[in-house]
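A.B. asks: Take this structure, written in C-alpha cells, and hold onto it; I'll ask about it next.
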Amino acid sequence: MADPFSLALDGLLSPIILFFALGFAASLLRSDLAVPEAVGKAMALYLMLAIGFKGGAELNKQGIDWTTAGLLGAGIVLSFVIPLVAYAILRAFTGLRQADAAAVAAHYGSISVVTFVAATEFLSLMGLSFDGVMVAVMAVMETPAIVSGIWLARRGSAAAGARRRAALDRDLLREIFLNGSVVLLIGAFVIGWITGPRGLETIAPFVVAPFKGVLCLFLLDMGLVAAARLRAARELSLRLVAFGLVMPLLGAAFGFAAGLLLGLGTAEMALLAVLCGSASYIAVPASMRLAVPEASPGIYLTLALAITFPFNLTLGIPLYFALAGLLSGS
Amino acid sequence: MADPFSLALDGLLSPIILFFALGFAASLLRSDLAVPEAVGKAMALYLMLAIGFKGGAELNKQGIDWTTAGLLGAGIVLSFVIPLVAYAILRAFTGLRQADAAAVAAHYGSISVVTFVAATEFLSLMGLSFDGVMVAVMAVMETPAIVSGIWLARRGSAAAGARRRAALDRDLLREIFLNGSVVLLIGAFVIGWITGPRGLETIAPFVVAPFKGVLCLFLLDMGLVAAARLRAARELSLRLVAFGLVMPLLGAAFGFAAGLLLGLGTAEMALLAVLCGSASYIAVPASMRLAVPEASPGIYLTLALAITFPFNLTLGIPLYFALAGLLSGS
Amino acid sequence: MADPFSLALDGLLSPIILFFALGFAASLLRSDLAVPEAVGKAMALYLMLAIGFKGGAELNKQGIDWTTAGLLGAGIVLSFVIPLVAYAILRAFTGLRQADAAAVAAHYGSISVVTFVAATEFLSLMGLSFDGVMVAVMAVMETPAIVSGIWLARRGSAAAGARRRAALDRDLLREIFLNGSVVLLIGAFVIGWITGPRGLETIAPFVVAPFKGVLCLFLLDMGLVAAARLRAARELSLRLVAFGLVMPLLGAAFGFAAGLLLGLGTAEMALLAVLCGSASYIAVPASMRLAVPEASPGIYLTLALAITFPFNLTLGIPLYFALAGLLSGS
Amino acid sequence: METHLRKRLDIIVEAPLQRRVTEVLEAKGVRGYTVLRCLAGKGHGGVWQEGEISSAGAMRMIVSIMPETQARQVLEELQSLLGDYAAIATLSDVEVLRGEHF
Amino acid sequence: METHLRKRLDIIVEAPLQRRVTEVLEAKGVRGYTVLRCLAGKGHGGVWQEGEISSAGAMRMIVSIMPETQARQVLEELQSLLGDYAAIATLSDVEVLRGEHF
Amino acid sequence: METHLRKRLDIIVEAPLQRRVTEVLEAKGVRGYTVLRCLAGKGHGGVWQEGEISSAGAMRMIVSIMPETQARQVLEELQSLLGDYAAIATLSDVEVLRGEHF
Ligand SMILES: Nc1ncnc2c1ncn2[C@@H]1O[C@H](COP(=O)(O)O)[C@@H](O)[C@H]1O
Ligand SMILES: Nc1ncnc2c1ncn2[C@@H]1O[C@H](COP(=O)(O)O)[C@@H](O)[C@H]1O
Ligand SMILES: Nc1ncnc2c1ncn2[C@@H]1O[C@H](COP(=O)(O)O)[C@@H](O)[C@H]1O
Ligand code: NA
Ligand code: NA
Ligand code: NA
C-alpha cells in the first residue's frame, strides 16, 4: 500500500473533491450556478441504483458467510446505538433542546450514501476492492437510527405523548421504513445479487463506466447545496460546529471497534468507519420533519450537509483508511 | 436456438424486468420512491432517439426491398384495423360506452415503444438481430389507430356531430400527426438512415452502450407509474381486466398472420406481433383527451399501462417469440 | 487535409446538424416535441463541464507558453472591442435604439459555447486536434463584452444616469462576473488542468465517450428553441436579419486578424474565428435584462439564437475552417 | 397611489387543453396570462399526479387578470369549451396599479 | 350567467406534510384540490430554496375551492395539525360557475 | 375561530429580477413570501415559454401575505423598480388565522 499522506493528497486533488470545492466556492461567491432540482434527484437515484447493483453483483460472486451476517448485525446495532451517544454528547455539551438533539442524533446514526460512494472511489485509488455486502450494511444502517431518534425525542414527554403518539401514523411509518432511498438501494442490491456478474456486464456501460463522472457533477451540486446551507446558517454555535467535526471521528471509532471484533480487512473496516462516521441528509430529514417537527432543520441539515459531509469527504475518508490500515494490520 | 422456457426465465430474471418489478412493488407498498417527471420524459426521449437512430442505421446497412414496403403497408393496415376488432369486443363483452370503447380501442391499435424496446433486448438475449425497418413499422403504426378511434367515437352521433366536428381543430390534427414521439422516432430513424453505420459509430457510446442501463431506470419508473395507476383504478371491471390480458394475444395473432403472409423470419415476426399486441400510453392518450373527452383516462390509461404493459413485458414477449419461432419454422 | 467542400457536406450531414434540423423542423411544424427545461439545463451544464475539463487536461499535457498568454489577451481585447463595432453597424444600418443596439452588440462580443463545441467536433471530423487553451480563451471572452455592452447602453444618458448607475448593484455584478456558465467553464478547466490526463482518464467514460451523443440531443433542443424564437419574432426587420448573418463573418474576420498576428495554426485560428463570430445566448441575456431592461429580448435573443447560431452551425463553421486553412498556410 | 379594480380568472385545466384555453383568452382580447404547472390534485375524476410518461394526465393553472366584463365573457365561452373536460375556473377581485395594462 | 360564491383556501406547507393535509381535506368532504410546487421562499424559519437532495425542505402550495362553512372547519382542523410545522393558510372569496361541483 | 384580514400581493416578474423584488420585500419588513415557477405566458412583450437554455426569459410568481399598509408601500416601491421590466402585480383580500405571523 502506498504512503497514506500522498494518497490523501491524491484524493484531495481528485476530480471528485475538486468539483465539490468548485460548487462550494461558487455558492459562497453567490454565483448563480445551479443544478436543476430534477437533475440532482436523478443523479442521487443513479448513484443509489449503481452502488446497490454493483454491491449485489459483487456479493453474488463472493458468496455469503458468517462475517456477512455479523456485519449486517453490527450495522443494525451501530445504527441504533450511535444516536444514543450523539444525543448524550449534544445534551451535555451543546445545550440543544431535547427535540433538536434527538433529531441531530438520528442523522449521525444513519449514513450518507455519497460519503460511502466517495470512500469506495478512494478505495479504487488505492487499488483495493471491497466486499459487496458493505452496500447491504449501508442499506440496513439507514433506518434504525431514525427509530432511536424518535424515541429520544419522545421519551419522558408524557404530557404531549397522546398527541404525538397519534402522529406516529401510516405516513410516518412509510417514510421511515419505505423511504425511497432505502427501497432503491436494497432493491438494486437484490437485483444485482440475483443477476450477478452477468447482469452487471449488460448494464456496466451505464452503472460502472460513467459512474465517477456523474459523481463529479453530483458533488458539484452537493458543494452548491452545502455552502448555501452554511450561508443561511443562523442557529449554528461554535460548539455545534465542533460536534459536527468530532462526532464523525467518534462514530468511526465505533466502526473500528466493531471491525476489530469481526476481524475485518482494511477495506471493510474503513468502509464501516465511514458509514458510522457519516451523517444522513437524504432519508432521515423527511422522517424527522414528520416525527419531530419541533426540531429545526436549520440545525440538523446544516450540521450533516455543511459541516460533517465536507469534513468526511476531504479529511475523514483518508484518515479512516489510514487508521484501518494500521488496525487491520495490513 | 435455446429452449424457450429457460429463455423466458432468463428474460424474467433480467435486470430490466426486475427493476420494473421493484418499481411496481415500491409503489404498491406506497414507498415515496419517485423519478422526477423531467427525468422520466428525458429517458423516454432518449429511448426513442436511440431506437430510431439504431433502426435507421441498420436499414442503411441492409437496404430496402419489397418486404420493407410490405411491412410498412402491413403496419399501417393493422393499426387501422385492430381498433375495429378491439372496439367490437369491448362493446360486446365489457359494456363500455361508445366513447370509452373507442378510446380504448385506439390505444390497442397503436403501439408501445417501451414494449418494443424490451422485445429487442429479449432478441439480443437470444442472440438474434432484426431488420432495422421494424423501427419504421413501429413509427407508422402509432398514428392510424388514432384516426380509427376517433371515427369509432364519433360515427352515428349526428346530433353532437356539429360541435364535435368543429373540435377537429388544428390542435388536434397536430397532436395526431405531429405528436412529439412520432416526430422524434421518425426523425431519428431518418437521421440514422442518412448517417448510417458510420454515424452510429460516432454516437454509439451514447445510444448503444448505456441503452440497457437507462432502460432499467426507465422501467423502474414505469413500474412506479403502472402500480400507481392500478391503485387508483376505480373503473376497472373484471371483464375489462380480462380484455387487457386477451387483447394483446389477439393483436399478436394479427401480427402473426401478417408475418406469415409476408414470409417474415422469427425476429421480425415476433416484433410485429409485439407491436400489434402492445398498447400505446405515450402518443394516443393526449389525442384522445382532445378528440374524445367523454372517454375516461381512468379506463384507457389503466388498461394500457397497468394491465397490458406488465403482461407483455413479462409473459407476452417470450410467448410471442416462442410462437414466432414455431410459425416461421426456424 | 481533405477537400473543404466535401468536408462541409460531411459536416452538414453529421448527426449533430441533422438533429438540429429535426428540432427546427418539428417546431416550425408546431409538433409538441419538447425537451424538459431541467434536462436542457443539465445538458448545458454537462457540455460546459466536459469541454472545460477536456481543455484543461489538454493544456496540462501541452504546457503554457507565450502564445497562451497572447491568445488569452487577444480574447479579452476582442470581446471588449467587437461590441463597439457591432454597435456602430447596428446604429448606422438597422435603426435600432441605443439600448437595443448595445444589448445586441454585447451578445456578439461574447461567445456561444455550443457553437464552439460544434466546431471542435468538426475539427475531429478533419482529424485535427487543438490547443486546450482555446477553452480558456472561450471562458475569458464571455464577460468583457457584457461590460462594453452596458457602457454602450449608458453612455451619454446623463439624465437617467443617476437611477441607472444605482442599478449597477451586487446582483448585476454577480450576474456579470460570476455567471454560472463562466464559473463552471473556468472551474472545470482548472480542475482538468490540475488533474491532467490521468484525471481525464478516470472520467472519460462520462465526459468524452457520450459527448457527441449528448450534443445531438442538446442540438435537437436548440433547434426547437431557435425555431420557436423565430416563430414568435415580431421585431425582426430584414436589416436585422442581414446583421445576424453578416456580423458573424465580420467577427470571424477579427479572429483571423488576431490569429495571423499571433501566428496560430489552422485549428486555433479557426476556433478563434468561431468564438469571435458566435453570439452568446446563455450568459449575456440575463445580464442584459438586469442592466439594460429597456432593450428587448425579442431582438437580441432572436438574433443570437435563431439567426446567427443556425448560420454558424451549418455554414459558418466549415467556412471558417476553410479560410483558416488558407490563411494559416497549412 | 391609485389602484384599479380588475378580476383574476384562475383556470385549472388538463395540459392538452392549454392551447385551446389561451386561444379563447386571445380571441376575447385578454391582454395577458400566465401558466403554472400543477403537481398533483383531486377532483371528480379522482386523484392524479404528475410523472406519468404521457403528459395527457397533467394539469395546468392559467392565471389571467382582466376587466370584469371581459372576465364574464371569457367564463361563458370557457363553460361551453370545457364541458366534457377536467377543468375548474374561479373569479376573484384584485387591485392593480396600471389599469391600462390589463 | 349565474355564479356562486365559494372560498379559496391556499395552504403553503412543507412537502412531507402534503399527504396529511390532503387527508384532512378528504376527511372534511372537500371535493377537490390542486397541489403546486414552490421554488423558494422565506418565513419565520428563514430562507429556503428548492434543490437540496432531500425534499424535506421543499414546500407545496395546496389550493382548494369549497363552501365557506367547510373552509372554516378545514382551517380549524389544520390549525391543530400544522402547529409545529412551517405552514401558512389563507382564505379568500371566489366566484364559480358550477356550484354543485365544489 | 377568529381570523384576521391581510392582503395578498402577487408579483409576476422575470426570473433575473427575483432577488431584487425579494430584497424590496425584506427592506419593507415583510415577514415571508413564496416563489413559484411559471411555465408560459403572454403579455405586452409577447408570448414566452419556459425551456430556453438561458433562464433570462423565464418568469416567477412571488406570493406574499402582509398587512394592507405594508402592501401599499411595497407596491409603490415596486412600481419604480419594475418600470422597464416585464412584470405585473396584484393585490387581493385574504383572511388568515395567526395575525401575528404576517
Ligand atoms: N374544489 C377544487 N379545488 C381545487 N382544485 C380542484 C377542485 N376540484 C377540482 N380541482 C382540480 O381540477 C382537476 C379536475 O377536476 P375534476 O374535473 O373535478 O376532476 C382536479 O384534478 C384538481 O386538480
Ligand atoms: N407572509 C407570507 N407570505 C407568503 N408566504 C409565506 C409567508 N410566510 C411564510 N410563507 C411561506 O411559508 C413557509 C414557511 O413559513 P414559516 O413557517 O413562517 O417559516 C415559508 O418558507 C414561505 O414559503
Ligand atoms: N393580464 C395578465 N394576467 C396574467 N399574467 C399576465 C398578464 N399580463 C402579463 N402577465 C404575465 O406577465 C408577463 C410579463 O408581462 P408584460 O410585461 O405585459 O409582457 C407575461 O409574460 C405574463 O406571464
Ligand atoms: Na453514521
Ligand atoms: Na397494438
Ligand atoms: Na462573438
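Numbering starts fresh at 1 for the residues of each chain in the C-alpha cells, the chains themselves are lettered A, B, ... in the order given, and ligands are numbered from 1 as they appear.
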Residues of chain D in strand (DSSP E or B) according to DSSP, as an MDAnalysis selection string?
C.D. replies: chainID D and resid 4:14 33:43 46:49 59:66 87:96
A.B. asks: Skipping near chain neighbours, those fewer than 6 positions away, what residues fall within 12 Å of Val147 in chain C using only C-alpha atoms, listed as a VMD selection string?
C.D. replies: chain C and resid 76 to 77 79 to 84 102 to 103 105 to 107 109 to 110 141 153 to 155 168 172 to 173 175 to 177 284 287 to 288 291 to 292
A.B. asks: Create the file for the chosen residues now, containing N, CA and C atoms and written as a compact mmCIF listing (two decimals), in the first residue's frame.
C.D. replies:
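Output saved as again_10.txt:
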```
# COMPACT_ATOMS: atom_id res chain seq x y z
N ILE C 76 -9.60 38.58 -24.65
CA ILE C 76 -10.19 39.63 -23.82
C ILE C 76 -10.38 40.90 -24.63
N VAL C 77 -9.36 41.28 -25.38
CA VAL C 77 -9.46 42.50 -26.17
C VAL C 77 -10.58 42.39 -27.21
N SER C 79 -13.20 40.57 -27.16
CA SER C 79 -14.52 40.58 -26.54
C SER C 79 -14.92 42.00 -26.14
N PHE C 80 -13.95 42.81 -25.77
CA PHE C 80 -14.25 44.21 -25.47
C PHE C 80 -14.56 45.00 -26.73
N VAL C 81 -13.83 44.70 -27.79
CA VAL C 81 -13.87 45.57 -28.97
C VAL C 81 -15.03 45.23 -29.92
N ILE C 82 -15.25 43.95 -30.13
CA ILE C 82 -16.26 43.57 -31.13
C ILE C 82 -17.62 44.24 -30.87
N PRO C 83 -18.05 44.37 -29.61
CA PRO C 83 -19.34 45.05 -29.39
C PRO C 83 -19.34 46.48 -29.91
N LEU C 84 -18.20 47.14 -29.85
CA LEU C 84 -18.17 48.52 -30.34
C LEU C 84 -18.44 48.54 -31.84
N ALA C 102 -27.03 48.34 -28.11
CA ALA C 102 -25.98 48.00 -27.15
C ALA C 102 -26.14 46.56 -26.67
N ALA C 103 -27.37 46.17 -26.39
CA ALA C 103 -27.60 44.81 -25.89
C ALA C 103 -27.26 43.78 -26.96
N ALA C 105 -25.16 44.18 -29.37
CA ALA C 105 -23.71 44.23 -29.53
C ALA C 105 -23.01 43.37 -28.48
N ALA C 106 -23.48 43.43 -27.25
CA ALA C 106 -22.87 42.65 -26.17
C ALA C 106 -22.93 41.16 -26.49
N HIS C 107 -24.06 40.71 -27.05
CA HIS C 107 -24.18 39.29 -27.36
C HIS C 107 -23.16 38.84 -28.40
N GLY C 109 -20.21 40.22 -28.98
CA GLY C 109 -18.85 40.23 -28.46
C GLY C 109 -18.55 38.99 -27.64
N SER C 110 -19.57 38.51 -26.97
CA SER C 110 -19.40 37.31 -26.17
C SER C 110 -19.45 36.08 -27.08
N MET C 141 -13.61 35.17 -22.86
CA MET C 141 -14.33 36.05 -23.79
C MET C 141 -15.80 36.22 -23.43
N ALA C 153 -24.75 51.12 -23.61
CA ALA C 153 -26.16 51.41 -23.33
C ALA C 153 -26.30 52.66 -22.47
N ARG C 154 -25.31 52.93 -21.63
CA ARG C 154 -25.49 54.01 -20.64
C ARG C 154 -24.81 55.31 -21.00
N ARG C 155 -23.82 55.26 -21.84
CA ARG C 155 -23.04 56.47 -22.06
C ARG C 155 -23.96 57.53 -22.67
N LEU C 168 -26.49 49.43 -10.88
CA LEU C 168 -25.32 48.58 -11.07
C LEU C 168 -25.01 47.92 -9.73
N LEU C 172 -26.28 42.55 -10.21
CA LEU C 172 -25.80 42.68 -11.57
C LEU C 172 -24.33 42.30 -11.66
N LEU C 173 -23.54 42.78 -10.71
CA LEU C 173 -22.11 42.46 -10.74
C LEU C 173 -21.89 40.96 -10.66
N GLU C 175 -24.08 38.69 -11.57
CA GLU C 175 -24.56 38.12 -12.82
C GLU C 175 -23.49 38.24 -13.90
N ILE C 176 -22.77 39.35 -13.88
CA ILE C 176 -21.77 39.58 -14.91
C ILE C 176 -20.52 38.72 -14.67
N PHE C 177 -20.00 38.80 -13.46
CA PHE C 177 -18.68 38.19 -13.24
C PHE C 177 -18.74 36.78 -12.66
N VAL C 284 -25.02 36.11 -21.51
CA VAL C 284 -25.27 37.54 -21.69
C VAL C 284 -26.74 37.95 -21.46
N SER C 287 -27.71 39.08 -17.91
CA SER C 287 -27.09 40.35 -17.53
C SER C 287 -27.78 41.52 -18.21
N MET C 288 -28.13 41.35 -19.45
CA MET C 288 -28.76 42.44 -20.18
C MET C 288 -30.13 42.76 -19.62
N ALA C 291 -29.30 44.81 -16.57
CA ALA C 291 -28.58 46.07 -16.73
C ALA C 291 -29.23 47.00 -17.74
N VAL C 292 -29.86 46.43 -18.76
CA VAL C 292 -30.44 47.25 -19.82
C VAL C 292 -31.88 46.80 -20.08
```
A.B. asks: Residues of chain B no more than 12 Å from chain E, counting only C-alpha atoms: send them over as an mmCIF file with N, CA, C and O atoms, in the first residue's frame.
C.D. replies:
```
data_model
loop_
_atom_site.group_PDB
_atom_site.id
_atom_site.type_symbol
_atom_site.label_atom_id
_atom_site.label_comp_id
_atom_site.auth_asym_id
_atom_site.auth_seq_id
_atom_site.Cartn_x
_atom_site.Cartn_y
_atom_site.Cartn_z
ATOM 1 N N ARG B 30 -46.466 1.734 -1.224
ATOM 2 C CA ARG B 30 -46.572 3.182 -1.001
ATOM 3 C C ARG B 30 -45.272 3.801 -0.500
ATOM 4 O O ARG B 30 -45.292 4.728 0.317
ATOM 5 N N ASP B 32 -42.155 6.250 -0.957
ATOM 6 C CA ASP B 32 -42.138 7.558 -1.636
ATOM 7 C C ASP B 32 -41.082 7.602 -2.742
ATOM 8 O O ASP B 32 -40.740 8.683 -3.228
ATOM 9 N N LEU B 33 -40.587 6.446 -3.135
ATOM 10 C CA LEU B 33 -39.656 6.407 -4.266
ATOM 11 C C LEU B 33 -40.322 7.031 -5.492
ATOM 12 O O LEU B 33 -41.451 6.696 -5.840
ATOM 13 N N ALA B 34 -39.621 7.950 -6.157
ATOM 14 C CA ALA B 34 -40.205 8.608 -7.327
ATOM 15 C C ALA B 34 -39.103 9.069 -8.254
ATOM 16 O O ALA B 34 -38.043 9.478 -7.803
ATOM 17 N N PRO B 36 -38.187 11.935 -10.938
ATOM 18 C CA PRO B 36 -38.724 13.238 -11.314
ATOM 19 C C PRO B 36 -39.314 13.207 -12.724
ATOM 20 O O PRO B 36 -38.771 12.583 -13.629
#
```
A.B. asks: Distance cut-off 6 Å, counting only C-alpha atoms - which residues of chain E neighbour chain F? Return them as a list in words.
C.D. replies: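 For chain E, the answer reads Cys38, Leu39, Ala40, Gly41, Lys42, Gly43, Thr90, Leu91 and Ser92 of chain E.
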A.B. asks: Hey, what's within 10 Å of range 242-249 of chain B if we count only C-alpha atoms and toss same-chain stuff fewer than 5 positions away? As number ranges by chain, please?
C.D. replies: B: 82, 85-86, 89-90, 93-94, 104-105, 108, 237, 254-255, 273-279, 300, 302-312, 316, 319-320
A.B. asks: For chain A against chain C, which residues fall within 9 Å using only C-alpha atoms, given as an mmCIF file with C-alpha atoms, in the first residue's frame?
C.D. replies:
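Saved the output as out07.cif:
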```cif
data_model
loop_
_atom_site.group_PDB
_atom_site.id
_atom_site.type_symbol
_atom_site.label_atom_id
_atom_site.label_comp_id
_atom_site.auth_asym_id
_atom_site.auth_seq_id
_atom_site.Cartn_x
_atom_site.Cartn_y
_atom_site.Cartn_z
ATOM 1 C CA LEU A 13 -6.787 16.532 -5.807
ATOM 2 C CA SER A 14 -9.112 14.027 -7.439
ATOM 3 C CA PRO A 15 -11.750 15.481 -9.766
ATOM 4 C CA LEU A 18 -12.269 19.437 -6.731
ATOM 5 C CA PHE A 19 -15.766 19.620 -8.193
ATOM 6 C CA LEU A 22 -15.879 24.311 -7.080
ATOM 7 C CA GLY A 23 -19.538 24.110 -6.131
ATOM 8 C CA ALA A 26 -19.297 29.185 -6.418
ATOM 9 C CA LEU A 29 -19.281 33.773 -4.013
ATOM 10 C CA ARG A 30 -23.020 33.774 -4.775
ATOM 11 C CA SER A 31 -22.641 32.720 -8.357
ATOM 12 C CA ASP A 32 -25.960 31.772 -9.911
ATOM 13 C CA LEU A 33 -24.552 28.373 -10.885
ATOM 14 C CA ALA A 34 -27.272 25.812 -10.110
ATOM 15 C CA VAL A 35 -28.106 22.221 -10.916
ATOM 16 C CA PRO A 36 -31.832 21.757 -11.613
ATOM 17 C CA GLU A 37 -33.660 20.012 -8.785
ATOM 18 C CA ALA A 38 -34.855 17.173 -11.008
ATOM 19 C CA VAL A 39 -31.317 16.509 -12.177
ATOM 20 C CA PRO A 205 -21.716 0.881 -19.530
ATOM 21 C CA ALA A 209 -18.249 3.393 -16.780
ATOM 22 C CA PRO A 210 -19.750 6.859 -16.273
ATOM 23 C CA PHE A 211 -20.130 6.452 -12.502
ATOM 24 C CA LYS A 212 -17.172 8.601 -11.477
ATOM 25 C CA GLY A 213 -18.119 11.330 -13.908
ATOM 26 C CA VAL A 214 -21.682 11.511 -12.655
ATOM 27 C CA CYS A 216 -18.296 14.729 -10.142
ATOM 28 C CA LEU A 217 -21.412 16.536 -11.310
#
```
A.B. asks: What separation in Å, quoted to one decimal, exists between CA of Val114 in chain C and CA of Leu185 in chain B?
C.D. replies: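 Separating CA of Val114 in chain C from CA of Leu185 in chain B is a distance of 24.3 Å.
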A.B. asks: Determine, counting only C-alpha atoms, which protein, DNA and RNA residues have an atom within 9 Å of an atom of Ala136 in chain C; residues of the same chain fewer than 3 positions away are not included. Present the result as a count of residues only.
C.D. replies: 12
A.B. asks: What's the separation between CA of Pro16 in chain E and CA of Pro285 in chain A, in Å to one decimal place?
C.D. replies: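 Answer for the CA of Pro16 in chain E to CA of Pro285 in chain A separation: 9.7 Å.
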A.B. asks: How many Å separate CA of Tyr281 in chain A from CA of Glu142 in chain A?
C.D. replies: 10.5 Å
A.B. asks: Step one, run DSSP on the backbone; step two, keep only residues of range 31-277 of chain C assigned to helix (DSSP H, G or I); then write them as a ChimeraX atom specification.
C.D. replies: /C:37-62,66-94,98-109,113-126,133-141,144-154,158-166,170-177,180-207,211-232,238-262,266-277
